file protein.cif (mmCIF, C-alpha atoms)
data_entry
#
loop_
_atom_site.label_atom_id
_atom_site.label_comp_id
_atom_site.auth_asym_id
_atom_site.auth_seq_id
_atom_site.Cartn_x
_atom_site.Cartn_y
_atom_site.Cartn_z
CA MET A 22 23.07 -51.65 23.09
CA SER A 23 20.28 -50.31 25.18
CA SER A 24 17.59 -47.68 25.28
CA TYR A 25 16.64 -45.75 28.36
CA ARG A 26 14.09 -43.31 29.73
CA VAL A 27 14.43 -41.57 33.08
CA GLN A 28 12.68 -38.76 34.94
CA GLU A 29 14.32 -36.98 37.86
CA LEU A 30 12.31 -34.59 40.02
CA VAL A 31 13.96 -31.39 41.21
CA LEU A 32 12.05 -29.55 43.94
CA ALA A 33 11.25 -25.84 43.75
CA GLU A 34 12.84 -25.36 47.17
CA GLU A 35 16.10 -26.76 45.80
CA ILE A 36 16.10 -24.31 42.90
CA ASP A 37 14.74 -21.40 44.96
CA LEU A 38 14.80 -19.01 42.00
CA VAL A 39 12.60 -17.83 39.15
CA GLY A 40 14.24 -17.44 35.77
CA THR A 41 15.49 -18.92 32.58
CA ILE A 42 17.32 -22.22 32.81
CA SER A 43 20.11 -21.85 30.27
CA ASP A 44 22.29 -24.85 31.06
CA ILE A 45 22.13 -28.25 32.74
CA ALA A 46 25.10 -30.45 33.58
CA PHE A 47 25.70 -33.78 35.33
CA ASP A 48 28.65 -34.39 37.65
CA LEU A 49 30.62 -37.22 36.02
CA VAL A 50 33.06 -39.40 37.96
CA ASP A 51 35.32 -42.43 37.45
CA GLY A 52 36.38 -41.15 34.03
CA PRO A 53 38.01 -40.37 31.69
CA TYR A 54 35.39 -40.96 29.04
CA TYR A 55 35.96 -41.10 25.32
CA ASP A 56 33.22 -41.43 22.71
CA ALA A 57 30.48 -42.78 24.91
CA LEU A 58 27.66 -42.53 22.40
CA PHE A 59 23.92 -42.26 22.99
CA TYR A 60 21.76 -42.23 19.88
CA TYR A 61 18.54 -40.25 19.45
CA PHE A 62 19.24 -38.53 22.75
CA GLU A 63 16.61 -36.11 24.07
CA LEU A 64 16.41 -34.00 27.22
CA TYR A 65 13.14 -32.48 28.40
CA PHE A 66 12.08 -30.11 31.17
CA CYS A 67 8.54 -30.06 32.53
CA HIS A 68 6.81 -28.26 35.36
CA THR A 69 4.84 -30.42 37.79
CA SER A 70 3.10 -29.95 41.11
CA LEU A 71 4.02 -33.45 42.26
CA ASP A 72 6.41 -33.79 45.20
CA GLU A 73 7.06 -37.42 44.39
CA LEU A 74 6.91 -39.34 41.13
CA THR A 75 4.43 -42.05 40.24
CA GLU A 76 5.24 -45.17 38.19
CA ASN A 77 3.63 -43.61 35.09
CA PHE A 78 5.75 -41.20 33.07
CA SER A 79 2.84 -39.25 31.58
CA ASP A 80 1.01 -38.90 34.88
CA ASN A 81 4.06 -37.19 36.33
CA TYR A 82 3.66 -34.29 33.88
CA ASP A 83 0.57 -33.36 35.89
CA GLY A 84 -1.13 -31.85 32.82
CA ASN A 85 1.91 -29.81 31.78
CA THR A 86 3.69 -30.17 28.47
CA PRO A 87 7.31 -31.37 28.51
CA ILE A 88 9.62 -29.09 26.56
CA LEU A 89 12.50 -30.47 24.52
CA VAL A 90 15.56 -28.49 25.57
CA SER A 91 18.44 -30.54 24.18
CA GLU A 92 18.87 -33.26 21.59
CA ALA A 93 21.75 -34.98 19.85
CA ASP A 94 22.28 -37.95 17.58
CA PRO A 95 24.47 -39.19 18.91
CA LEU A 96 25.18 -37.51 22.20
CA ASN A 97 28.93 -37.93 22.56
CA ILE A 98 30.24 -37.92 26.12
CA THR A 99 33.95 -37.26 26.01
CA LEU A 100 35.50 -35.92 29.18
CA ALA A 101 39.20 -36.17 30.00
CA GLU A 102 38.78 -35.34 33.68
CA ASP A 103 35.94 -35.87 36.13
CA GLY A 104 33.60 -32.93 36.44
CA TRP A 105 30.54 -31.24 34.99
CA PHE A 106 29.25 -32.36 31.63
CA SER A 107 26.82 -29.90 30.02
CA PHE A 108 24.27 -31.16 27.54
CA PRO A 109 24.61 -29.65 24.06
CA ASP A 110 22.90 -26.47 22.87
CA PRO A 111 20.26 -26.19 25.57
CA ALA A 112 17.18 -24.19 24.60
CA PRO A 113 16.17 -21.66 27.26
CA PHE A 114 13.42 -22.86 29.58
CA GLU A 115 11.31 -20.41 31.58
CA TYR A 116 11.11 -21.84 35.09
CA ASP A 117 8.21 -20.44 37.12
CA GLY A 118 9.76 -20.83 40.57
CA GLU A 119 6.58 -22.38 42.00
CA ASN A 120 6.26 -25.82 40.48
CA ASN A 121 8.76 -28.61 40.80
CA LEU A 122 10.80 -29.50 37.74
CA ILE A 123 11.00 -32.82 35.93
CA VAL A 124 14.30 -33.43 34.16
CA GLU A 125 13.74 -36.21 31.65
CA LEU A 126 16.37 -37.93 29.53
CA ARG A 127 16.00 -40.69 27.01
CA TRP A 128 17.84 -42.31 24.17
CA MET A 129 17.16 -45.15 21.77
CA GLU A 130 20.53 -46.91 21.58
CA ASP A 131 24.03 -46.60 22.97
CA ASN A 132 27.43 -48.08 22.15
CA GLY A 133 27.74 -49.99 25.41
CA SER A 134 29.78 -47.37 27.24
CA ASP A 135 29.25 -46.94 30.96
CA VAL A 136 29.36 -43.40 32.26
CA TYR A 137 29.24 -42.87 36.01
CA ASN A 138 27.75 -39.90 37.75
CA TRP A 139 27.85 -38.57 41.28
CA GLY A 140 24.54 -39.16 42.99
CA PHE A 141 22.75 -39.05 46.29
CA ASP A 142 19.84 -40.58 48.15
CA CYS A 143 17.08 -37.96 48.02
CA GLY A 144 14.90 -39.87 50.50
CA SER A 145 11.75 -40.14 48.38
CA TYR A 146 10.73 -41.48 44.97
CA ARG A 147 12.04 -38.74 42.75
CA VAL A 148 13.53 -40.95 40.04
CA LEU A 149 11.60 -43.07 37.55
CA ALA A 150 13.47 -45.17 35.00
CA THR A 151 12.94 -47.84 32.40
CA LYS A 152 15.08 -49.56 29.79
CA PHE A 153 12.51 -48.75 27.11
CA TYR A 154 12.73 -45.53 25.07
CA ASP A 155 8.94 -45.32 24.80
CA GLY A 156 8.15 -47.00 28.10
CA ASP A 157 4.95 -45.81 29.75
CA THR A 158 5.89 -47.02 33.21
CA GLY A 159 9.12 -47.64 35.07
CA PHE A 160 10.79 -48.40 38.38
CA LEU A 161 10.87 -45.80 41.12
CA SER A 162 14.08 -44.99 42.96
CA THR A 163 15.42 -42.63 45.60
CA LYS A 164 18.90 -42.56 44.03
CA MET A 165 19.17 -39.33 42.15
CA ASN A 166 21.91 -37.85 40.01
CA ARG A 167 23.76 -34.78 41.16
CA MET A 168 23.20 -32.00 38.67
CA ARG A 169 23.85 -28.33 38.07
CA LEU A 170 21.41 -25.81 36.64
CA ILE A 171 22.30 -22.32 35.45
CA LEU A 172 19.42 -19.89 35.96
CA GLU A 173 19.45 -16.45 34.41
CA THR A 174 17.37 -13.67 35.90
CA ASP A 175 16.80 -10.28 34.31
CA THR A 176 17.26 -7.49 36.82
CA THR A 177 16.51 -3.85 36.10
CA LEU A 178 17.80 -1.01 38.26
CA GLN A 179 14.83 0.42 40.11
CA PRO A 180 14.02 4.16 40.31
CA ALA A 181 15.16 4.48 43.91
CA SER A 182 18.49 5.87 42.75
CA LEU A 183 16.75 7.97 40.09
CA GLY A 184 15.17 10.07 42.82
CA LYS A 185 18.61 11.10 44.04
CA VAL A 186 19.67 12.07 40.53
CA ARG A 187 16.57 14.19 40.03
CA GLY A 188 17.24 15.98 43.29
CA ARG A 189 20.71 16.98 42.25
CA TYR A 190 19.60 18.50 38.96
CA ARG A 191 16.73 20.64 40.21
CA MET B 20 11.73 21.30 29.27
CA LYS B 21 15.43 20.99 30.11
CA ARG B 22 14.59 19.31 33.40
CA PHE B 23 12.35 16.84 31.61
CA LEU B 24 15.07 15.92 29.13
CA LEU B 25 17.60 15.35 31.90
CA CYS B 26 15.20 13.07 33.75
CA ALA B 27 14.42 11.14 30.59
CA ALA B 28 18.09 10.64 29.84
CA PHE B 29 18.87 9.33 33.31
CA THR B 30 15.80 7.11 33.30
CA SER B 31 17.09 5.54 30.12
CA LEU B 32 20.54 5.01 31.59
CA LEU B 33 19.35 3.59 34.88
CA ALA B 34 16.74 1.28 33.38
CA THR B 35 19.39 -0.81 31.65
CA SER B 36 18.62 -4.44 32.32
CA THR B 37 21.26 -6.80 33.65
CA VAL B 38 21.19 -10.55 33.31
CA VAL B 39 22.49 -12.38 36.36
CA ALA B 40 23.40 -16.07 36.10
CA ASP B 41 23.06 -18.22 39.21
CA GLU B 42 24.47 -21.69 39.61
CA VAL B 43 22.13 -24.14 41.35
CA ILE B 44 23.59 -27.45 42.51
CA ILE B 45 21.14 -30.27 43.16
CA GLY B 46 22.47 -33.01 45.47
CA ASP B 47 25.78 -34.09 46.90
CA GLN B 48 28.70 -36.31 45.96
CA GLU B 49 27.47 -39.18 48.13
CA MET B 50 27.85 -42.11 45.79
CA SER B 51 28.91 -42.92 42.29
CA PHE B 52 26.50 -44.87 40.17
CA ASP B 53 25.92 -45.76 36.57
CA SER B 54 22.48 -44.30 36.10
CA PRO B 55 21.38 -42.96 33.72
CA PHE B 56 24.31 -43.32 31.31
CA CYS B 57 24.97 -47.01 31.47
CA GLY B 58 25.38 -49.18 28.42
CA SER B 59 24.45 -52.81 28.63
#
call {"tool": "encode", "arguments": {"input": "protein.cif", "output": "C-alpha coordinates"}}
result
Amino acid sequence: MSSYRVQELVLAEEIDLVGTISDIAFDLVDGPYYDALFYYFELYFCHTSLDELTENFSDNYDGNTPILVSEADPLNITLAEDGWFSFPDPAPFEYDGENNLIVELRWMEDNGSDVYNWGFDCGSYRVLATKFYDGDTGFLSTKMNRMRLILETDTTLQPASLGKVRGRYR
Amino acid sequence: MKRFLLCAAFTSLLATSTVVADEVIIGDQEMSFDSPFCGS
(Lines of atoms letter the chains of each structure in order from A and count residues from 1; the text may use other names and numbers.)
(Lines give C-alpha, C1' and ligand atoms only; values in the text may rest on other atoms or scores of the structure.)
Protein backbone atom coordinates (compact mmCIF):
# COMPACT_ATOMS: atom_id res chain seq x y z
CA MET A 1 0.00 0.00 0.00
CA SER A 2 1.38 3.35 -0.92
CA SER A 3 0.44 6.96 -1.37
CA TYR A 4 1.75 9.16 -4.13
CA ARG A 5 1.85 12.74 -5.35
CA VAL A 6 3.17 13.76 -8.75
CA GLN A 7 3.21 16.91 -10.88
CA GLU A 8 3.87 16.78 -14.61
CA LEU A 9 4.46 19.97 -16.57
CA VAL A 10 2.94 20.29 -20.04
CA LEU A 11 4.28 23.22 -22.07
CA ALA A 12 2.00 25.70 -23.83
CA GLU A 13 3.86 25.04 -27.09
CA GLU A 14 2.94 21.36 -26.81
CA ILE A 15 -0.74 22.17 -26.39
CA ASP A 16 -0.71 25.05 -28.89
CA LEU A 17 -4.42 25.77 -28.43
CA VAL A 18 -6.75 27.84 -26.28
CA GLY A 19 -9.89 26.15 -25.04
CA THR A 20 -11.64 23.91 -22.61
CA ILE A 21 -9.83 20.75 -21.60
CA SER A 22 -12.61 18.19 -21.41
CA ASP A 23 -10.67 14.95 -21.10
CA ILE A 24 -7.26 13.64 -20.06
CA ALA A 25 -5.96 10.12 -20.63
CA PHE A 26 -2.73 8.21 -20.02
CA ASP A 27 -1.33 5.69 -22.52
CA LEU A 28 -1.24 2.38 -20.62
CA VAL A 29 0.99 -0.51 -21.67
CA ASP A 30 1.96 -4.02 -20.52
CA GLY A 31 -1.62 -4.78 -19.53
CA PRO A 32 -4.24 -6.12 -19.21
CA TYR A 33 -5.22 -4.52 -15.93
CA TYR A 34 -8.03 -5.59 -13.66
CA ASP A 35 -9.10 -3.76 -10.52
CA ALA A 36 -5.97 -1.76 -9.91
CA LEU A 37 -7.32 0.44 -7.14
CA PHE A 38 -6.15 3.87 -6.00
CA TYR A 39 -7.97 5.31 -3.00
CA TYR A 40 -8.76 9.00 -2.47
CA PHE A 41 -7.56 9.69 -5.99
CA GLU A 42 -7.46 13.32 -7.13
CA LEU A 43 -6.40 14.97 -10.39
CA TYR A 44 -5.69 18.70 -10.61
CA PHE A 45 -4.86 21.15 -13.38
CA CYS A 46 -3.04 24.41 -12.70
CA HIS A 47 -1.65 27.17 -14.86
CA THR A 48 1.97 28.14 -14.26
CA SER A 49 4.55 30.32 -15.94
CA LEU A 50 7.39 27.97 -14.99
CA ASP A 51 9.21 26.15 -17.79
CA GLU A 52 10.72 23.70 -15.35
CA LEU A 53 9.54 22.43 -11.99
CA THR A 54 11.17 23.11 -8.64
CA GLU A 55 11.40 20.60 -5.77
CA ASN A 56 8.51 22.32 -3.96
CA PHE A 57 4.99 21.40 -5.05
CA SER A 58 3.36 24.66 -3.94
CA ASP A 59 6.03 26.86 -5.49
CA ASN A 60 5.30 25.28 -8.85
CA TYR A 61 1.77 26.71 -8.83
CA ASP A 62 3.41 30.10 -9.31
CA GLY A 63 0.60 31.88 -7.45
CA ASN A 64 -2.17 30.13 -9.37
CA THR A 65 -4.83 27.96 -7.78
CA PRO A 66 -4.92 24.27 -8.72
CA ILE A 67 -8.34 23.13 -9.86
CA LEU A 68 -9.67 19.69 -8.99
CA VAL A 69 -10.87 18.18 -12.26
CA SER A 70 -11.30 14.51 -11.41
CA GLU A 71 -11.63 12.44 -8.25
CA ALA A 72 -12.53 8.89 -7.38
CA ASP A 73 -12.48 6.65 -4.33
CA PRO A 74 -11.24 4.35 -5.43
CA LEU A 75 -10.02 5.01 -8.93
CA ASN A 76 -10.38 1.63 -10.60
CA ILE A 77 -8.06 1.00 -13.54
CA THR A 78 -9.44 -1.88 -15.53
CA LEU A 79 -8.29 -2.12 -19.12
CA ALA A 80 -8.41 -5.31 -21.18
CA GLU A 81 -6.09 -4.03 -23.91
CA ASP A 82 -3.27 -1.52 -23.91
CA GLY A 83 -4.32 1.99 -24.84
CA TRP A 84 -5.73 5.25 -23.53
CA PHE A 85 -7.21 5.34 -20.06
CA SER A 86 -9.37 8.41 -19.40
CA PHE A 87 -9.81 9.65 -15.87
CA PRO A 88 -13.42 9.62 -14.65
CA ASP A 89 -15.89 12.49 -15.02
CA PRO A 90 -13.43 15.27 -15.77
CA ALA A 91 -14.66 18.76 -14.96
CA PRO A 92 -14.03 21.25 -17.78
CA PHE A 93 -10.90 23.35 -17.33
CA GLU A 94 -10.45 26.64 -19.18
CA TYR A 95 -6.90 26.59 -20.52
CA ASP A 96 -5.58 30.06 -21.39
CA GLY A 97 -3.14 29.01 -24.11
CA GLU A 98 -0.35 31.17 -22.68
CA ASN A 99 0.75 29.55 -19.45
CA ASN A 100 2.14 26.07 -19.10
CA LEU A 101 -0.06 23.46 -17.48
CA ILE A 102 0.62 21.40 -14.37
CA VAL A 103 -1.10 18.03 -14.33
CA GLU A 104 -1.09 16.79 -10.75
CA LEU A 105 -2.22 13.39 -9.50
CA ARG A 106 -2.26 12.01 -6.01
CA TRP A 107 -3.80 9.24 -3.99
CA MET A 108 -3.64 8.09 -0.39
CA GLU A 109 -3.49 4.30 -0.73
CA ASP A 110 -3.48 1.63 -3.41
CA ASN A 111 -3.98 -2.12 -3.51
CA GLY A 112 -0.44 -2.88 -4.63
CA SER A 113 -1.21 -3.10 -8.34
CA ASP A 114 1.42 -1.91 -10.79
CA VAL A 115 0.14 -0.09 -13.85
CA TYR A 116 2.62 0.79 -16.56
CA ASN A 117 2.41 3.78 -18.83
CA TRP A 118 4.18 4.83 -21.99
CA GLY A 119 6.61 7.62 -21.27
CA PHE A 120 9.41 9.67 -22.68
CA ASP A 121 12.44 11.68 -21.66
CA CYS A 122 11.37 15.32 -21.92
CA GLY A 123 14.92 16.60 -21.41
CA SER A 124 14.26 18.88 -18.44
CA TYR A 125 12.82 18.63 -14.93
CA ARG A 126 9.14 18.54 -15.72
CA VAL A 127 8.16 15.81 -13.28
CA LEU A 128 8.10 16.08 -9.50
CA ALA A 129 7.07 13.08 -7.39
CA THR A 130 6.94 11.87 -3.83
CA LYS A 131 5.57 8.82 -2.05
CA PHE A 132 3.68 11.07 0.38
CA TYR A 133 0.11 12.18 -0.34
CA ASP A 134 0.68 15.50 1.43
CA GLY A 135 4.37 15.81 0.64
CA ASP A 136 5.61 19.37 0.28
CA THR A 137 8.71 18.45 -1.68
CA GLY A 138 9.71 15.62 -3.99
CA PHE A 139 12.25 14.27 -6.44
CA LEU A 140 12.63 15.85 -9.85
CA SER A 141 12.72 13.74 -12.99
CA THR A 142 12.89 14.12 -16.76
CA LYS A 143 10.85 10.95 -17.34
CA MET A 144 7.37 12.04 -18.20
CA ASN A 145 4.20 10.12 -18.92
CA ARG A 146 2.69 10.19 -22.37
CA MET A 147 -0.76 11.69 -22.16
CA ARG A 148 -3.66 12.86 -24.29
CA LEU A 149 -5.72 15.99 -23.78
CA ILE A 150 -9.00 16.78 -25.51
CA LEU A 151 -9.45 20.53 -26.02
CA GLU A 152 -12.77 21.97 -27.09
CA THR A 153 -12.91 25.34 -28.82
CA ASP A 154 -16.07 27.27 -29.57
CA THR A 155 -16.06 28.59 -33.12
CA THR A 156 -18.69 30.93 -34.51
CA LEU A 157 -19.18 31.51 -38.23
CA GLN A 158 -17.99 35.02 -38.97
CA PRO A 159 -19.99 37.58 -40.99
CA ALA A 160 -17.79 37.26 -44.06
CA SER A 161 -20.32 34.92 -45.65
CA LEU A 162 -23.18 37.08 -44.39
CA GLY A 163 -22.10 39.85 -46.74
CA LYS A 164 -22.66 37.56 -49.72
CA VAL A 165 -26.12 36.65 -48.48
CA ARG A 166 -27.08 40.28 -48.04
CA GLY A 167 -25.95 41.04 -51.56
CA ARG A 168 -28.17 38.40 -53.05
CA TYR A 169 -31.30 39.65 -51.31
CA ARG A 170 -31.03 43.34 -52.13
CA MET B 1 -38.37 46.46 -43.11
CA LYS B 2 -38.44 43.24 -45.14
CA ARG B 3 -34.74 43.59 -45.90
CA PHE B 4 -33.99 44.05 -42.21
CA LEU B 5 -35.91 40.92 -41.27
CA LEU B 6 -34.09 38.85 -43.87
CA CYS B 7 -30.72 40.04 -42.63
CA ALA B 8 -31.67 39.33 -39.03
CA ALA B 9 -32.79 35.82 -39.90
CA PHE B 10 -29.58 34.99 -41.73
CA THR B 11 -27.46 36.54 -38.99
CA SER B 12 -29.15 34.22 -36.54
CA LEU B 13 -28.55 31.20 -38.74
CA LEU B 14 -24.94 31.97 -39.50
CA ALA B 15 -23.98 32.88 -35.94
CA THR B 16 -24.59 29.33 -34.74
CA SER B 17 -21.64 28.30 -32.63
CA THR B 18 -19.81 25.06 -33.26
CA VAL B 19 -17.69 23.22 -30.73
CA VAL B 20 -14.59 21.63 -32.21
CA ALA B 21 -12.69 19.00 -30.22
CA ASP B 22 -8.96 18.66 -30.81
CA GLU B 23 -6.82 15.80 -29.59
CA VAL B 24 -3.44 16.84 -28.20
CA ILE B 25 -0.85 14.12 -27.62
CA ILE B 26 1.98 14.93 -25.23
CA GLY B 27 5.09 12.77 -25.68
CA ASP B 28 6.04 9.59 -27.46
CA GLN B 29 6.04 5.86 -26.82
CA GLU B 30 9.73 5.80 -25.95
CA MET B 31 9.74 3.71 -22.81
CA SER B 32 7.40 1.92 -20.50
CA PHE B 33 7.62 2.74 -16.84
CA ASP B 34 5.65 2.31 -13.69
CA SER B 35 5.20 5.92 -12.71
CA PRO B 36 2.86 7.19 -11.46
CA PHE B 37 0.59 4.16 -10.99
CA CYS B 38 2.87 1.80 -9.15
CA GLY B 39 1.86 -0.04 -6.03
CA SER B 40 4.51 -1.00 -3.55
call {"tool": "resolve_selection", "arguments": {"input": "protein.cif", "expression": "the PyMOL selection byres ((chain A) within 7 of (chain B))", "output": "VMD selection string"}}
result
chain A and resid 22 to 23 35 to 36 50 131 to 141 167 to 178 183 187
call {"tool": "residues_around", "arguments": {"input": "protein.cif", "residues": "region 85-99 of chain A", "least_positions_apart": "5", "cutoff": "8 Å", "atoms": "only C-alpha atoms", "output": "ChimeraX atom specification"}}
result
/A:53-69,106,108-114
call {"tool": "atom_distance", "arguments": {"input": "protein.cif", "atom1": "CA of Val39 (chain A)", "atom2": "CA of Trp128 (chain A)"}}
result
29.2 Å
call {"tool": "atom_distance", "arguments": {"input": "protein.cif", "atom1": "CA of Asp37 (chain A)", "atom2": "CA of Phe160 (chain A)"}}
result
28.1 Å
call {"tool": "closest_residue", "arguments": {"input": "protein.cif", "among": "A:Leu74, A:Gly40, A:Glu125, A:Ser79", "to": "Arg147 (chain A)", "atoms": "only C-alpha atoms"}}
result
A:Leu74
call {"tool": "atom_distance", "arguments": {"input": "protein.cif", "atom1": "CA of Ser162 (chain A)", "atom2": "CA of Glu76 (chain A)"}}
result
10.0 Å
call {"tool": "resolve_selection", "arguments": {"input": "protein.cif", "expression": "the PyMOL selection byres ((chain A and resi 151) around 8)", "output": "list in words"}}
result
Tyr25, Arg26, Val27, Leu149, Ala150, Lys152, Phe153, Tyr154, Gly156, Thr158, Gly159 and Phe160 of chain A
call {"tool": "resolve_selection", "arguments": {"input": "protein.cif", "expression": "the PyMOL selection byres ((chain A and resi 29) around 6)", "output": "ChimeraX atom specification"}}
result
/A:28,30,123-124,147-148
